[in-house]
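Undergrad: Sending over a structure as structure tokens; questions will come in a sec.
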Amino acid sequence: MTLSNQNTYINNIIRNISIEKSLFWVTAALMLVAILYPASMAIRAAFFENDIFTLAGFERILQLDTIVSDIWNTLIFSAGSMFGATVIGVSLAWVNARTDVPGVRAIEVFCVIPFFLSAFVGAIAWRLLFVPNAGMISMFLTKYGFPEFLLPDIYSLGSMVFIQSVFYSPFMYLYAVASFRQMDPTLEEIARIHGAGNWNTLRKITLSVNGPALLSGMILVFVMSVGTLEVPMALGSAGGNYVLSTRIWALMNNMPQDVTAASALGMIAILIAAIGIIIQRRLLGNRKFTTVTGKGYKSKKISLGRWKWVVFTLAITYIIFAVIMPIVTLILVALQKFWTGSFSMQFFTWANFTTVLFEYDVTARAIKNSLFACSVAATISVIFALILSQIRSRNAEAFMGMLVLLPIVIPGAVFGMMVLFAFVKTPIYNTIFIIIFAYVIAYFYLAYRTIYSVRLSIHPELEQSARIHGASWFQSTRRILTPLLKPGIVSAWLMSFILFIREFSSVMFLYRHGTEVMPVVFFMLMERHSARLAAFMVIQTAILLLIMIIYQRFTSKNATGAAF
Amino acid sequence: MSAFLKVENLSKRYGNHQAIDNVSFEIEEKKLFVLLGPSGCGKTTTLRCIGGLEKPDTGIISIKNETISNNEDQIFVAAEKRGMGMVAQSYAIWPHMSVFENIAFPLRMSKFDKNLLANRVEEALDMVQLKGLGTRNATDLSGGQQQRVALARAIVGRPKLLLFDEPLSNLDAKLREQMRYLLKEIQTEIGITAVYVTHDQSEAMGLGDELIVMNNGKIEQSDQARSLYNNPKTKFVGEFIGTANMIEGHIIQRESNSCKITLKNKNSEQIIKARLSRHTDSEQGVLLFRPEWISIQKGIKDKQENSIDGVVRTYQYLGDRSELIIETEFADIKASVTDDEEYIVGDKVVIKINENKAIVF
């Protein structure tokens with residue numbers, strides 16, 4: 001190697017270590033540590049006591065006489081919710097995307113509202129409707145002679161699965177509707193021509209072609225259900241139906257606390273989630289269905305004929321169950337001095353709203369905390385996503401694909417516990433930043449995918465030409481890329497904010513006195529004051545719906561890639 | 001011979017757009033019938049009505065005297081019960097199935113004997129020259145191969161009628177030509193009746209036993225390729241099929257099927273004799289002639305019958321013929337000649353128009 005050759009070689013290396021690459025890898029490494037460090041601390045907590053390796057945690061959970069039923073309940077709850085959410089979400093998606101059902105636009109808006117409501121709010125509302133002797137519907141029905149033993153038991157595992165399915169179906173809906181809309185409709189038409197009726201076409205073509213997307217949605221609902229505290233805490237604990245997540249929470253928060261056993265249970269929860277993911281991968285194989293879409297002819301939607309109104313009624317029923325009834329119930333309860341099971345003008349008051357907004361210090365603080373933590377976390381997520389979606393290289397993109405998926409694998413409650421372990425000996429432990437950290441890491445995939453998909457649609461030449469005309473990386477990012485990415489940035493920020501503000505499971509491990517966020521206060525009020533709880537939930541729902549309206553206004557004007 | 005497929009007074013409207021306007025035609029058995037026209041002319045909608053993917057507003061469709069769609073009698077046989085085969089523009093290969101399963105699908109739907117199924121699929125694969133590719137993942141194939149799979153799938157169940165919806169327009173030029181020959185070969189070999197939709201006139205002329213040219217939802221002309229080219233009934237057909245020179249003028253002398261037309265300009269006028277289209281009775285006319293319906297002579301000659309003076313603007317020698325654009329006082333005229341004469345840009349020439357071929361509309 002001659003001297004000049006060597007110089008060029010070194011120059012090449014220096015040129016290749018450019019600002020954007022170093023910034024990318026430093027940020028990516030930070031993210032990786034932020035995920036792996038809490039995970040390792042949780043594993044450590046499960047296998048070590050006083051720095052000595054031990055299986056005592058596992059021994060103790062095996063001695064719990066509830067262990068079998070906890071695992072069993074978790075499996076039934078998660079798998080049941082996954083199938084329930086799939087049936088609801090996929091049917092609604094199919095109806096909206098592929099059929100001529102009337103009022104599609106309106107149905108579409110309502111179908112995603114349960115997603116903004118959060119399952120905890122939904123479960124509480126349903127509890128207010130069906131709680132024995134004091135539920136609005138159960139009291140109404142028994143008053144008119146409806147046999148009491150036929151009333152659904154709101155605390156049963158079946159009710160838990162039902163409510164979880166209803167409130168997690170929007171995830172399936174969003175996955176399915178995007179996939180259905182992308183599918184070339186000729187695939188179905190050709191099947192019809194070659195002898196497949198409606199049912200065979202749906203089964204052998206529509207559902208099979210969209211199988212990979214549906215499976216991804218299903219596994220997400222499954223893992224989220226394994227880790228959720230929402231419905232299990234709102235209904236399960238009261239009915240004695242514990243699942244792993246509520247048991248972990250109890251072990252961590254009830255006296256005597258058993259960190260090792262809780263961590264060991266966390267490992268089992270992760271194992272269940274991992275088995276779900278492995279099954280999904282097996283079913284998926286290496287199939288990736290890319291389809292060629294036809295140009296020109298826009299296929300008409302499937303004509304349902306007389307069934308149109310049946311399907312329409314079913315969709316409306318879902319909307320009533322999942323959206324109208326919960327919200328109306330909460331508003332009615334919130335407007336009562338105290339809740340007796342039915343609304344009466346005699347007890348009408350606005351006081352619950354003024355109390356939770358201005359007088360009661362925990363609720364007022366929680367609103368402030370939530371708004372602060374969620375905005376800071378959304379801003380951090382967007383900045384990180386911007387940095388990490390910059391690089392166009394196979395390695396970097398593959399690495400990011402894996403990185404953002406890691407936290408999704410971890411069930412929410414276990415994730416909360418992990419973050420707690422990671423910061424318990426640091427000053428952050430007592431501040432709201434531990435919650436901000438959890439928000440960012442748990443939902444980073446959303447901000448990343450949103451911005452990344454917009455970024456993919458921007459042709460590299462736009463930046464290259466800026467660089468050729470003398471702009472530095474920083475200048476071209478600021479002047480060319482950021483304006484083009486703006487729609488992605490705004491929708492990523494809003495979506496992140498929505499997910500953060502309704503996040504329940506992980507923050508239940510992370511709050512301290514003074515750092516309570518809104519969902520935590522839901523839990524604190526749950527058994528104490530139904531009317532104030534309802535008022536507080538109405539306020540959160542109002543905030544969420546407001547953001548949702550802004551989001552929909554915004555995305556309808558700027559076509560952005562959906563993050564799911 | 002009685003008609004195999006019969007379409008009578010078919011109409012279909014989307015909102016304010018009349019997609020098909022009272023279309024009627026008949027197809028004989030074992031013939032390949034082409035619906036040709038620009039995009040939005042209603043050809044695809046017509047095909048989809050025949051296939052049962054679209055419900056017509058009015059009209060009757062019948063196969064072998066058996067009605068499959070008739071609005072007045074509330075008859076509408078579902079697409080899957082019509083026993084047809086179809087090849088779509090986008091291939092529409094099901095990505096979750098192997099090549100074999102894609103092709104076997106119509107047989108499985110018709111509860112075909114399981115013992116004979118594999119044989120039939122292999123036979124179809126062989127016919128489209130994809131022997132041995134059955135186990136392959138359908139989406140791993142190239143575009144051309146996918147289109148062959150789609151063809152095999154359409155013929156495997158021996159359908160009554162084969163529908164083609166612009167099947168070749170996603171392929172590149174060379175493949176398109178290969179596929180055109182293969183398609184024609186298979187169609188004649190298995191003796192199947194087919195309706196073929198395309199906007200590509202050379203494809204249409206090469207394949208079609210009979211062609212229909214459609215425009216704005218209406219049939220312009222139904223004929224064999226040769227007649228469409230040489231005797232277009234409307235100006236639209238003349239212009240849409242092949243290349244045409246068109247010059248506006250004044251019809252001055254009318255006979256039963258010929259006329260004289262004056263081409264006028266500021267400085268000069270020229271009288272041209274040509275055939276008269278039956279559909280024209282106005283004073284204003286358009287003279288239409290194809291690039292090869294003229295002959296060219298170099299140099300300035302005395303005024304001749306049926307001729308226009310011009311100057312060569314471009315000249316391309318293409319081996320079997322030469323193509324020129326000649327600037328005249330009335331219009332720029334495209335010419336295609338097979339003489340071996342060499343022209344230079346700027347040459348003065350006289351264009352003689354063949355009065356037995358040119359048509360006035």
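Ligands are numbered from 1 in the order shown, chains are lettered A, B, ... in the order of the structure tokens, and residues start at 1 in each chain.
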Residues of chain B no more than 8 Å from chain A, counting only C-alpha atoms: send them over as a PDB file with N, CA and C atoms, in the first residue's frame.
TA:
ATOM      1  N   GLY B  51     -69.025 -10.932 -16.695  1.00  0.00           N
ATOM      2  CA  GLY B  51     -68.481 -11.802 -15.663  1.00  0.00           C
ATOM      3  C   GLY B  51     -69.326 -11.864 -14.405  1.00  0.00           C
ATOM      4  N   GLY B  52     -70.214 -10.898 -14.225  1.00  0.00           N
ATOM      5  CA  GLY B  52     -71.050 -10.893 -13.020  1.00  0.00           C
ATOM      6  C   GLY B  52     -70.441 -10.104 -11.891  1.00  0.00           C
ATOM      7  N   LEU B  53     -69.381  -9.347 -12.175  1.00  0.00           N
ATOM      8  CA  LEU B  53     -68.752  -8.532 -11.139  1.00  0.00           C
ATOM      9  C   LEU B  53     -69.466  -7.194 -11.016  1.00  0.00           C
ATOM     10  N   ALA B  79     -71.472 -14.235  -9.945  1.00  0.00           N
ATOM     11  CA  ALA B  79     -70.223 -14.433 -10.695  1.00  0.00           C
ATOM     12  C   ALA B  79     -69.722 -15.873 -10.586  1.00  0.00           C
ATOM     13  N   GLU B  80     -69.785 -16.413  -9.349  1.00  0.00           N
ATOM     14  CA  GLU B  80     -69.202 -17.745  -9.135  1.00  0.00           C
ATOM     15  C   GLU B  80     -70.034 -18.861  -9.755  1.00  0.00           C
ATOM     16  N   LYS B  81     -71.255 -18.536 -10.196  1.00  0.00           N
ATOM     17  CA  LYS B  81     -72.103 -19.581 -10.765  1.00  0.00           C
ATOM     18  C   LYS B  81     -72.159 -19.491 -12.288  1.00  0.00           C
ATOM     19  N   ARG B  82     -71.344 -18.614 -12.877  1.00  0.00           N
ATOM     20  CA  ARG B  82     -71.427 -18.438 -14.326  1.00  0.00           C
ATOM     21  C   ARG B  82     -70.473 -19.347 -15.090  1.00  0.00           C
ATOM     22  N   GLY B  83     -69.570 -19.996 -14.356  1.00  0.00           N
ATOM     23  CA  GLY B  83     -68.659 -20.935 -15.004  1.00  0.00           C
ATOM     24  C   GLY B  83     -67.728 -20.296 -16.004  1.00  0.00           C
ATOM     25  N   MET B  84     -67.140 -19.169 -15.615  1.00  0.00           N
ATOM     26  CA  MET B  84     -66.225 -18.487 -16.517  1.00  0.00           C
ATOM     27  C   MET B  84     -64.799 -18.532 -15.972  1.00  0.00           C
ATOM     28  N   GLY B  85     -63.866 -18.110 -16.792  1.00  0.00           N
ATOM     29  CA  GLY B  85     -62.485 -17.961 -16.358  1.00  0.00           C
ATOM     30  C   GLY B  85     -62.052 -16.550 -16.669  1.00  0.00           C
ATOM     31  N   MET B  86     -61.102 -16.033 -15.884  1.00  0.00           N
ATOM     32  CA  MET B  86     -60.723 -14.644 -16.136  1.00  0.00           C
ATOM     33  C   MET B  86     -59.244 -14.408 -15.869  1.00  0.00           C
ATOM     34  N   VAL B  87     -58.641 -13.573 -16.696  1.00  0.00           N
ATOM     35  CA  VAL B  87     -57.269 -13.139 -16.487  1.00  0.00           C
ATOM     36  C   VAL B  87     -57.309 -11.622 -16.318  1.00  0.00           C
ATOM     37  N   ALA B  88     -56.741 -11.138 -15.204  1.00  0.00           N
ATOM     38  CA  ALA B  88     -56.824  -9.714 -14.906  1.00  0.00           C
ATOM     39  C   ALA B  88     -55.508  -9.018 -15.223  1.00  0.00           C
ATOM     40  N   GLN B  89     -55.605  -7.722 -15.351  1.00  0.00           N
ATOM     41  CA  GLN B  89     -54.431  -6.905 -15.674  1.00  0.00           C
ATOM     42  C   GLN B  89     -53.343  -7.036 -14.613  1.00  0.00           C
ATOM     43  N   SER B  90     -53.763  -7.091 -13.337  1.00  0.00           N
ATOM     44  CA  SER B  90     -52.785  -7.103 -12.244  1.00  0.00           C
ATOM     45  C   SER B  90     -52.321  -8.521 -11.921  1.00  0.00           C
ATOM     46  N   TYR B  91     -52.539  -9.477 -12.805  1.00  0.00           N
ATOM     47  CA  TYR B  91     -52.262 -10.907 -12.605  1.00  0.00           C
ATOM     48  C   TYR B  91     -53.197 -11.497 -11.561  1.00  0.00           C
ATOM     49  N   ALA B  92     -53.348 -10.763 -10.406  1.00  0.00           N
ATOM     50  CA  ALA B  92     -54.185 -11.251  -9.314  1.00  0.00           C
ATOM     51  C   ALA B  92     -53.816 -12.675  -8.911  1.00  0.00           C
ATOM     52  N   ILE B  93     -52.513 -12.907  -8.793  1.00  0.00           N
ATOM     53  CA  ILE B  93     -52.034 -14.191  -8.283  1.00  0.00           C
ATOM     54  C   ILE B  93     -52.130 -14.131  -6.761  1.00  0.00           C
ATOM     55  N   TRP B  94     -52.755 -15.128  -6.171  1.00  0.00           N
ATOM     56  CA  TRP B  94     -52.899 -15.122  -4.715  1.00  0.00           C
ATOM     57  C   TRP B  94     -51.560 -15.395  -4.051  1.00  0.00           C
ATOM     58  N   PRO B  95     -51.072 -14.417  -3.293  1.00  0.00           N
ATOM     59  CA  PRO B  95     -49.697 -14.509  -2.790  1.00  0.00           C
ATOM     60  C   PRO B  95     -49.514 -15.583  -1.718  1.00  0.00           C
ATOM     61  N   HIS B  96     -50.603 -16.044  -1.120  1.00  0.00           N
ATOM     62  CA  HIS B  96     -50.447 -17.012  -0.038  1.00  0.00           C
ATOM     63  C   HIS B  96     -50.520 -18.452  -0.523  1.00  0.00           C
ATOM     64  N   PHE B 105     -57.262 -23.844  -7.775  1.00  0.00           N
ATOM     65  CA  PHE B 105     -58.393 -23.210  -7.091  1.00  0.00           C
ATOM     66  C   PHE B 105     -59.748 -23.397  -7.793  1.00  0.00           C
ATOM     67  N   PRO B 106     -59.847 -23.096  -9.099  1.00  0.00           N
ATOM     68  CA  PRO B 106     -61.160 -23.258  -9.745  1.00  0.00           C
ATOM     69  C   PRO B 106     -61.653 -24.702  -9.678  1.00  0.00           C
ATOM     70  N   MET B 109     -62.965 -25.439  -6.209  1.00  0.00           N
ATOM     71  CA  MET B 109     -64.259 -24.793  -5.994  1.00  0.00           C
ATOM     72  C   MET B 109     -65.384 -25.568  -6.673  1.00  0.00           C
ATOM     73  N   SER B 110     -65.063 -26.222  -7.801  1.00  0.00           N
ATOM     74  CA  SER B 110     -66.117 -26.952  -8.495  1.00  0.00           C
ATOM     75  C   SER B 110     -66.158 -28.403  -8.064  1.00  0.00           C
ATOM     76  N   THR B 139     -45.513 -15.743  -5.757  1.00  0.00           N
ATOM     77  CA  THR B 139     -44.996 -14.381  -5.867  1.00  0.00           C
ATOM     78  C   THR B 139     -43.494 -14.341  -6.164  1.00  0.00           C
ATOM     79  N   ALA B 154     -57.111 -19.660 -15.391  1.00  0.00           N
ATOM     80  CA  ALA B 154     -58.359 -19.309 -16.068  1.00  0.00           C
ATOM     81  C   ALA B 154     -58.868 -20.432 -16.963  1.00  0.00           C
TER      82      ALA B 154
END
Undergrad: Near B:Leu324, within 8 Å and counting only C-alpha atoms, which residues show up once chain neighbours fewer than 2 positions away are dropped, as a count of residues only?
TA: 10
Undergrad: Which residue, B:Asp347, B:Gly134, B:Ile63, B:Ile212, has the smallest gap to B:Ser24 when you use only C-alpha atoms?
TA: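 That would be B:Ile212, the residue with the smallest distance to B:Ser24.
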Undergrad: Give me the residues within 7 Å of stretch 3-12 of chain B as a ChimeraX atom specification, counting only C-alpha atoms and dropping any in the same chain fewer than 3 places off.
TA: /B:18-29,56-64
Undergrad: Would you mind exporting C-alpha atoms of the selected residues as a PDB file, in the first residue's frame?
TA:
ATOM      1  CA  GLN B  18     -73.028   6.725 -18.393  1.00  0.00           C
ATOM      2  CA  ALA B  19     -70.412   3.961 -18.458  1.00  0.00           C
ATOM      3  CA  ILE B  20     -72.207   1.766 -21.005  1.00  0.00           C
ATOM      4  CA  ASP B  21     -74.950   3.139 -23.205  1.00  0.00           C
ATOM      5  CA  ASN B  22     -77.256   0.616 -24.812  1.00  0.00           C
ATOM      6  CA  VAL B  23     -74.636  -1.817 -26.063  1.00  0.00           C
ATOM      7  CA  SER B  24     -75.593  -4.914 -28.054  1.00  0.00           C
ATOM      8  CA  PHE B  25     -73.415  -7.541 -29.715  1.00  0.00           C
ATOM      9  CA  GLU B  26     -73.130 -11.264 -30.332  1.00  0.00           C
ATOM     10  CA  ILE B  27     -70.205 -13.642 -30.253  1.00  0.00           C
ATOM     11  CA  GLU B  28     -69.868 -16.937 -32.059  1.00  0.00           C
ATOM     12  CA  GLU B  29     -68.534 -19.995 -30.317  1.00  0.00           C
ATOM     13  CA  PRO B  56     -76.032  -3.759 -15.292  1.00  0.00           C
ATOM     14  CA  ASP B  57     -78.840  -1.195 -15.012  1.00  0.00           C
ATOM     15  CA  THR B  58     -80.693  -2.572 -18.000  1.00  0.00           C
ATOM     16  CA  GLY B  59     -80.141  -5.192 -20.643  1.00  0.00           C
ATOM     17  CA  ILE B  60     -79.943  -8.913 -21.161  1.00  0.00           C
ATOM     18  CA  ILE B  61     -76.878 -11.144 -21.230  1.00  0.00           C
ATOM     19  CA  SER B  62     -77.228 -14.757 -22.263  1.00  0.00           C
ATOM     20  CA  ILE B  63     -74.952 -17.671 -23.009  1.00  0.00           C
ATOM     21  CA  LYS B  64     -76.236 -20.375 -25.344  1.00  0.00           C
TER      22      LYS B  64
END
Undergrad: Need to verify the contact set: A:Ala396, 10 Å, only C-alpha atoms, exclusion of same-chain residues closer than 5 positions in sequence. Can you return it as a ChimeraX atom specification?
TA: /A:21,24-25,28,388-391,401
Undergrad: For A:Phe343, please output as an mmCIF file with N, CA and C atoms, in the first residue's frame all residues within 12 Å (counting only C-alpha atoms; exclusion window: fewer than 6 positions along the same chain).
TA:
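So the final result, stored in part_3.cif, reads:
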data_model
loop_
_atom_site.group_PDB
_atom_site.id
_atom_site.type_symbol
_atom_site.label_atom_id
_atom_site.label_comp_id
_atom_site.auth_asym_id
_atom_site.auth_seq_id
_atom_site.Cartn_x
_atom_site.Cartn_y
_atom_site.Cartn_z
ATOM 1 N N LEU A 128 -70.200 0.210 36.590
ATOM 2 C CA LEU A 128 -71.289 1.061 37.084
ATOM 3 C C LEU A 128 -72.639 0.623 36.510
ATOM 4 N N LEU A 129 -72.601 -0.010 35.342
ATOM 5 C CA LEU A 129 -73.853 -0.464 34.729
ATOM 6 C C LEU A 129 -74.334 -1.790 35.294
ATOM 7 N N ALA A 134 -76.439 -2.361 42.445
ATOM 8 C CA ALA A 134 -76.279 -0.925 42.298
ATOM 9 C C ALA A 134 -75.997 -0.508 40.855
ATOM 10 N N GLY A 135 -75.931 -1.495 39.953
ATOM 11 C CA GLY A 135 -75.657 -1.150 38.560
ATOM 12 C C GLY A 135 -76.885 -0.577 37.885
ATOM 13 N N MET A 136 -76.680 0.398 36.997
ATOM 14 C CA MET A 136 -77.804 1.073 36.375
ATOM 15 C C MET A 136 -78.661 0.083 35.591
ATOM 16 N N ILE A 137 -78.008 -0.765 34.805
ATOM 17 C CA ILE A 137 -78.782 -1.712 33.991
ATOM 18 C C ILE A 137 -79.316 -2.862 34.833
ATOM 19 N N MET A 139 -80.095 -2.908 37.973
ATOM 20 C CA MET A 139 -81.218 -2.462 38.795
ATOM 21 C C MET A 139 -82.484 -2.273 37.962
ATOM 22 N N PHE A 140 -82.284 -1.683 36.780
ATOM 23 C CA PHE A 140 -83.417 -1.460 35.886
ATOM 24 C C PHE A 140 -84.074 -2.788 35.515
ATOM 25 N N VAL A 328 -71.817 7.916 28.316
ATOM 26 C CA VAL A 328 -73.055 8.415 28.914
ATOM 27 C C VAL A 328 -73.115 8.037 30.400
ATOM 28 N N THR A 329 -72.775 6.801 30.703
ATOM 29 C CA THR A 329 -72.793 6.353 32.096
ATOM 30 C C THR A 329 -71.906 7.236 32.956
ATOM 31 N N LEU A 330 -70.679 7.436 32.498
ATOM 32 C CA LEU A 330 -69.746 8.235 33.297
ATOM 33 C C LEU A 330 -70.278 9.648 33.500
ATOM 34 N N ILE A 331 -70.857 10.228 32.447
ATOM 35 C CA ILE A 331 -71.378 11.591 32.587
ATOM 36 C C ILE A 331 -72.524 11.622 33.602
ATOM 37 N N LEU A 332 -73.425 10.646 33.494
ATOM 38 C CA LEU A 332 -74.554 10.604 34.431
ATOM 39 C C LEU A 332 -74.062 10.472 35.871
ATOM 40 N N VAL A 333 -73.142 9.550 36.091
ATOM 41 C CA VAL A 333 -72.643 9.325 37.453
ATOM 42 C C VAL A 333 -71.906 10.568 37.956
ATOM 43 N N ALA A 334 -71.169 11.201 37.060
ATOM 44 C CA ALA A 334 -70.394 12.369 37.467
ATOM 45 C C ALA A 334 -71.283 13.528 37.895
ATOM 46 N N LEU A 335 -72.518 13.534 37.432
ATOM 47 C CA LEU A 335 -73.418 14.644 37.752
ATOM 48 C C LEU A 335 -74.289 14.367 38.981
ATOM 49 N N GLN A 336 -73.927 13.365 39.760
ATOM 50 C CA GLN A 336 -74.703 13.020 40.951
ATOM 51 C C GLN A 336 -73.893 13.313 42.216
ATOM 52 N N LYS A 337 -74.616 13.721 43.246
ATOM 53 C CA LYS A 337 -73.944 13.977 44.521
ATOM 54 C C LYS A 337 -73.294 12.701 45.028
ATOM 55 N N THR A 349 -75.627 17.615 40.556
ATOM 56 C CA THR A 349 -74.625 18.578 41.004
ATOM 57 C C THR A 349 -73.478 18.683 40.000
ATOM 58 N N ALA A 531 -68.584 8.883 42.083
ATOM 59 C CA ALA A 531 -68.988 10.081 41.355
ATOM 60 C C ALA A 531 -67.786 10.933 40.972
#
Undergrad: Check stretch 159-356 of chain B with DSSP on the backbone and list each residue it calls helix (DSSP H, G or I), as a short mmCIF file (atom, residue, chain, number, x, y, z; two decimals) with C-alpha atoms, in the first residue's frame.
TA:
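Now in result_3.cif:
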data_model
loop_
_atom_site.label_atom_id
_atom_site.label_comp_id
_atom_site.auth_asym_id
_atom_site.auth_seq_id
_atom_site.Cartn_x
_atom_site.Cartn_y
_atom_site.Cartn_z
CA ALA B 173 -43.08 -4.93 -25.03
CA LYS B 174 -41.14 -8.09 -25.85
CA LEU B 175 -42.95 -10.30 -23.35
CA ARG B 176 -46.25 -8.88 -24.49
CA GLU B 177 -45.62 -10.09 -28.01
CA GLN B 178 -44.61 -13.59 -26.84
CA MET B 179 -47.66 -13.83 -24.62
CA ARG B 180 -49.90 -12.69 -27.43
CA TYR B 181 -48.85 -15.63 -29.57
CA LEU B 182 -49.11 -18.10 -26.69
CA LEU B 183 -52.53 -16.83 -25.79
CA LYS B 184 -53.88 -17.09 -29.31
CA GLU B 185 -52.39 -20.55 -29.68
CA ILE B 186 -53.98 -21.84 -26.47
CA GLN B 187 -57.33 -20.26 -27.21
CA THR B 188 -57.55 -21.95 -30.63
CA GLU B 189 -56.06 -25.19 -29.36
CA ILE B 190 -58.64 -25.74 -26.64
CA GLN B 201 -54.97 -1.59 -31.15
CA SER B 202 -52.15 -3.75 -32.48
CA GLU B 203 -52.88 -6.32 -29.76
CA ALA B 204 -56.54 -6.15 -30.66
CA MET B 205 -55.98 -6.54 -34.38
CA GLY B 206 -53.48 -9.35 -33.94
CA LEU B 207 -55.68 -11.39 -31.61
CA ALA B 225 -59.61 -6.10 -38.14
CA ARG B 226 -59.16 -5.65 -41.89
CA SER B 227 -62.45 -3.82 -42.29
CA LEU B 228 -61.87 -1.63 -39.27
CA TYR B 229 -58.60 -0.52 -40.76
CA ASN B 230 -59.66 -0.07 -44.33
CA LYS B 235 -63.99 9.27 -37.84
CA PHE B 236 -63.24 8.00 -34.31
CA VAL B 237 -62.54 4.47 -35.52
CA GLY B 238 -60.39 5.73 -38.36
CA GLU B 239 -58.36 7.77 -35.97
CA PHE B 240 -58.18 5.23 -33.14
#
Undergrad: Leaving out A:Gly240 and any residue of its chain fewer than 4 positions from it, which residues lie within 10 Å of it when counting only C-alpha atoms, given as a list in words?
TA: Tyr155, Ser156, Leu157, Pro232, Leu235 and Gly236 of chain A
Undergrad: Using only C-alpha atoms, which of the listed residues (A:Ser237, A:Asn253, A:Ser216, A:Leu174) sits closest to A:Ile279?
TA: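 Among A:Ser237, A:Asn253, A:Ser216, A:Leu174, it is A:Ser216 that comes nearest to A:Ile279.
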Undergrad: When you count only C-alpha atoms, which of these residues is closest to B:Asp309: B:Ile294, B:Val349, B:Leu288, B:Val213?
TA: B:Val349
Undergrad: Closest to B:Phe289 among B:Leu116, B:Leu107, B:Ala78, B:Ile353, using only C-alpha atoms?
TA: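 Result for the nearest residue to B:Phe289: B:Ile353.
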Undergrad: Looking at only C-alpha atoms, which of A:Tyr175, A:Tyr439, A:Tyr452, A:Phe423 is the one that sits closest to A:Phe504?
TA: A:Tyr439
